[in-house]
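File shown: input.txt (compact mmCIF, C-alpha atoms).
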```
# COMPACT_ATOMS: atom_id res chain seq x y z
CA MET E 1 14.62 -6.02 -26.91
CA GLY E 2 11.53 -5.39 -24.81
CA ASN E 3 8.63 -2.99 -24.63
CA ASN E 4 8.18 -0.18 -22.14
CA TYR E 5 5.73 -0.74 -19.29
CA TYR E 6 4.83 0.70 -15.93
CA ILE E 7 5.29 -1.73 -13.04
CA ALA E 8 2.49 -1.95 -10.47
CA LEU E 9 2.86 -3.46 -6.99
CA GLN E 10 -0.26 -4.89 -5.37
CA HIS E 11 -0.65 -6.24 -1.85
CA ARG E 12 -3.65 -7.48 0.13
CA ASN E 13 -4.05 -4.35 2.26
CA ALA E 14 -1.84 -1.69 0.68
CA LEU E 15 -2.40 0.89 -1.99
CA GLU E 16 -1.45 -0.19 -5.46
CA THR E 17 1.91 1.47 -6.17
CA TRP E 18 3.22 2.18 -9.68
CA SER E 19 6.71 2.84 -11.02
CA ALA E 20 7.47 6.51 -11.59
CA ASN E 21 8.42 5.88 -15.22
CA THR E 22 8.05 3.23 -17.83
CA VAL E 23 10.76 0.60 -17.94
CA THR E 24 11.94 -1.75 -20.63
CA LEU E 25 11.22 -5.27 -19.48
CA VAL E 26 13.92 -7.78 -20.23
CA ASN E 27 14.67 -11.22 -18.79
CA ASN E 28 15.74 -11.04 -15.14
CA GLY E 29 15.26 -7.27 -15.05
CA SER E 30 14.71 -5.32 -11.85
CA TYR E 31 13.28 -2.01 -10.69
CA ASN E 32 14.09 -0.10 -7.51
CA PHE E 33 11.15 1.77 -5.96
CA LEU E 34 13.39 3.45 -3.36
CA PRO E 35 14.06 7.19 -3.60
CA LEU E 36 16.94 8.37 -5.71
CA GLN E 37 19.83 10.21 -4.06
CA THR E 38 18.14 13.38 -5.30
CA GLY E 39 15.23 12.64 -2.98
CA LEU E 40 12.86 11.87 -5.84
CA TYR E 41 10.83 8.71 -5.45
CA GLU E 42 10.86 5.99 -8.03
CA ALA E 43 7.20 5.34 -7.16
CA TYR E 44 4.70 7.27 -9.29
CA GLY E 45 3.66 10.43 -7.47
CA GLY E 46 6.02 9.59 -4.60
CA ASN E 47 3.30 7.27 -3.35
CA MET E 48 5.35 5.57 -0.62
CA VAL E 49 5.91 6.39 3.03
CA GLN E 50 9.15 6.38 5.01
CA VAL E 51 8.89 4.43 8.27
CA GLY E 52 12.17 4.75 10.12
CA SER E 53 14.83 3.83 7.56
CA LEU E 54 12.41 1.81 5.40
CA TYR E 55 10.26 2.93 2.47
CA CYS E 56 6.87 1.23 2.50
CA LEU E 57 3.63 0.98 0.58
CA TYR E 58 0.75 2.82 2.20
CA SER E 59 -1.39 0.37 4.16
CA GLY E 60 -5.09 0.42 4.98
CA ASP E 61 -6.96 -0.19 1.70
CA ILE E 62 -8.81 -3.29 2.90
CA ASP E 63 -12.43 -2.96 1.73
CA SER E 64 -12.14 -5.44 -1.13
CA GLN E 65 -9.70 -8.08 -2.32
CA ALA E 66 -8.10 -5.74 -4.84
CA GLY E 67 -8.76 -2.52 -2.89
CA ASP E 68 -10.52 0.53 -4.25
CA GLY E 69 -7.50 2.82 -4.24
CA ASN E 70 -8.45 4.84 -1.16
CA VAL E 71 -7.97 4.55 2.58
CA ASN E 72 -11.36 5.61 3.94
CA GLY E 73 -14.40 4.71 6.04
CA ALA E 74 -15.21 1.63 3.98
CA ASP E 75 -11.88 0.18 5.11
CA TYR E 76 -12.67 1.05 8.73
CA SER E 77 -15.88 -1.02 8.54
CA VAL E 78 -13.89 -4.11 7.54
CA TRP E 79 -11.33 -3.52 10.29
CA GLU E 80 -14.05 -2.92 12.91
CA LEU E 81 -15.86 -6.18 12.11
CA ASP E 82 -12.64 -8.21 12.23
CA ASP E 83 -11.53 -6.49 15.43
CA SER E 84 -14.84 -7.20 17.16
CA ASN E 85 -14.54 -10.88 16.12
CA PHE E 86 -10.97 -11.08 17.49
CA GLU E 87 -9.69 -12.24 14.09
CA THR E 88 -6.17 -13.65 13.87
CA GLY E 89 -4.01 -14.97 11.06
CA TYR E 90 -3.38 -13.71 7.55
CA LYS E 91 -6.19 -11.14 7.31
CA GLN E 92 -6.53 -8.08 5.11
CA SER E 93 -7.39 -6.02 8.19
CA ASP E 94 -4.11 -6.99 9.92
CA LEU E 95 -2.30 -3.87 8.73
CA ASN E 96 0.92 -4.33 10.72
CA GLY E 97 1.32 -8.02 9.88
CA ASP E 98 1.52 -9.33 13.45
CA GLY E 99 -1.25 -11.91 12.96
CA ASN E 100 -3.81 -10.07 15.11
CA VAL E 101 -6.50 -7.57 14.14
CA ASN E 102 -6.52 -4.94 16.88
CA GLY E 103 -5.96 -1.30 17.78
CA ALA E 104 -2.43 -1.27 16.39
CA ASP E 105 -3.94 -1.85 12.94
CA TYR E 106 -6.55 0.84 13.56
CA SER E 107 -3.76 3.34 14.24
CA ILE E 108 -2.28 2.70 10.79
CA TRP E 109 -5.67 3.02 9.12
CA GLU E 110 -6.51 6.19 11.06
CA LEU E 111 -3.27 7.95 10.11
CA ASN E 112 -3.63 7.14 6.42
CA ASP E 113 -7.35 7.98 6.41
CA SER E 114 -6.74 11.37 8.05
CA ASN E 115 -4.03 12.09 5.44
CA PHE E 116 -6.44 11.20 2.59
CA VAL E 117 -4.06 8.57 1.24
CA THR E 118 -5.08 7.42 -2.23
CA VAL E 119 -3.53 5.56 -5.15
CA SER E 120 -1.47 7.58 -7.60
CA LYS E 121 -1.05 6.07 -11.04
CA PRO E 122 -0.28 7.14 -14.59
```
Rewritten as structure tokens:
Amino acid sequence: MGNNYYIALQHRNALETWSANTVTLVNNGSYNFLPLQTGLYEAYGGNMVQVGSLYCLYSGDIDSQAGDGNVNGADYSVWELDDSNFETGYKQSDLNGDGNVNGADYSIWELNDSNFVTVSKP
């Protein structure tokens, strides 16, 4: 018998994403963040984005190691510095995961910034 907890996903450049409800944690348990057949998300506040047929965490929160929970101008400053230095590799500012910090990453940040994307948690 376990206790009930929310599950939180954290990633280097994505918004922290929480389970929609508490779950009882047991050995080898699992939780599905994908939307239910009813269209309701299993992420708290529906805080995921559909990209094609995939459901993804919102990307662009890169202004600190843990992120501040918002995609905003502070994140742009980090991206801009890395872009101007032609950074490559596993970088927080590489929002599309292709190993290069460039305009493709800016496009992701810009979209989420203009939509005022922010963390949603219980």
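Note that the spacing between atom CA of E:Ala104 and atom CA of E:Leu9 amounts to 24.1 Å.
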Go ahead and compute the interatomic distance for atom CA of E:Val26 and atom CA of E:Asn3, in Å to one decimal. 8.4 Å
Need the shell around stretch 120-122 of chain E: protein/DNA/RNA residues with any atom at most 8 Å away, counting all atoms listed in the file. Skip same-chain ones fewer than 6 positions apart. Format as number ranges by chain? E: 17-18, 44-45, 47
Write the residues of the preceding selection, restricted to C-alpha atoms, as a PDB file, keeping the file's coordinate frame.
```
ATOM      1  CA  THR E  17       1.910   1.470  -6.170  1.00  0.00           C
ATOM      2  CA  TRP E  18       3.220   2.180  -9.680  1.00  0.00           C
ATOM      3  CA  TYR E  44       4.700   7.270  -9.290  1.00  0.00           C
ATOM      4  CA  GLY E  45       3.660  10.430  -7.470  1.00  0.00           C
ATOM      5  CA  ASN E  47       3.300   7.270  -3.350  1.00  0.00           C
TER       6      ASN E  47
END
```
Extract, using all atoms listed in the file, all DNA, RNA and protein residues at most 9 Å from E:Asp94, discarding same-chain residues fewer than 2 positions from it, and format them as a ChimeraX atom specification. /E:13,60,79,82,87-92,96-102,104-106
Just to confirm, what's the straight-line distance from atom CA of E:Asn32 to atom CA of E:Ile108 in Å (one decimal)?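 Answer for the atom CA of E:Asn32 to atom CA of E:Ile108 separation: 24.7 Å.
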Pick out the residues sitting within 9 Å of stretch 63-78 of chain E, and hand them over as a list in words; count all atoms listed in the file, and ignore anything fewer than 3 positions along from it in its own chain. Gln10, His11, Arg12, Asn13, Ala14, Leu15, Glu16, Tyr58, Ser59, Gly60, Leu81, Asp82, Asp83, Gln92, Ser93, Tyr106, Trp109, Glu110, Asn112, Asp113, Ser114, Asn115, Phe116, Val117, Thr118, Val119 and Ser120 of chain E
Pick the closest to E:Ser30 from E:Ile62, E:Leu95, E:Ile7, E:Leu54: which is it, counting all atoms listed in the file? E:Ile7
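If you count all atoms listed in the file and ignore residues fewer than 3 places along the chain from E:Gln50, what sits within 12 Å of it is E:Leu34, E:Pro35, E:Gly39, E:Tyr41, E:Gly46, E:Asn47, E:Ser53, E:Leu54, E:Tyr55, E:Cys56, E:Leu57, E:Tyr58.
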Limited to C-alpha atoms, could you put the picked residues into a file as an mmCIF file, in the coordinates of the input?
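Final output, selection23.cif:
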```cif
data_model
loop_
_atom_site.group_PDB
_atom_site.id
_atom_site.type_symbol
_atom_site.label_atom_id
_atom_site.label_comp_id
_atom_site.auth_asym_id
_atom_site.auth_seq_id
_atom_site.Cartn_x
_atom_site.Cartn_y
_atom_site.Cartn_z
ATOM 1 C CA LEU E 34 13.390 3.450 -3.360
ATOM 2 C CA PRO E 35 14.060 7.190 -3.600
ATOM 3 C CA GLY E 39 15.230 12.640 -2.980
ATOM 4 C CA TYR E 41 10.830 8.710 -5.450
ATOM 5 C CA GLY E 46 6.020 9.590 -4.600
ATOM 6 C CA ASN E 47 3.300 7.270 -3.350
ATOM 7 C CA SER E 53 14.830 3.830 7.560
ATOM 8 C CA LEU E 54 12.410 1.810 5.400
ATOM 9 C CA TYR E 55 10.260 2.930 2.470
ATOM 10 C CA CYS E 56 6.870 1.230 2.500
ATOM 11 C CA LEU E 57 3.630 0.980 0.580
ATOM 12 C CA TYR E 58 0.750 2.820 2.200
#
```
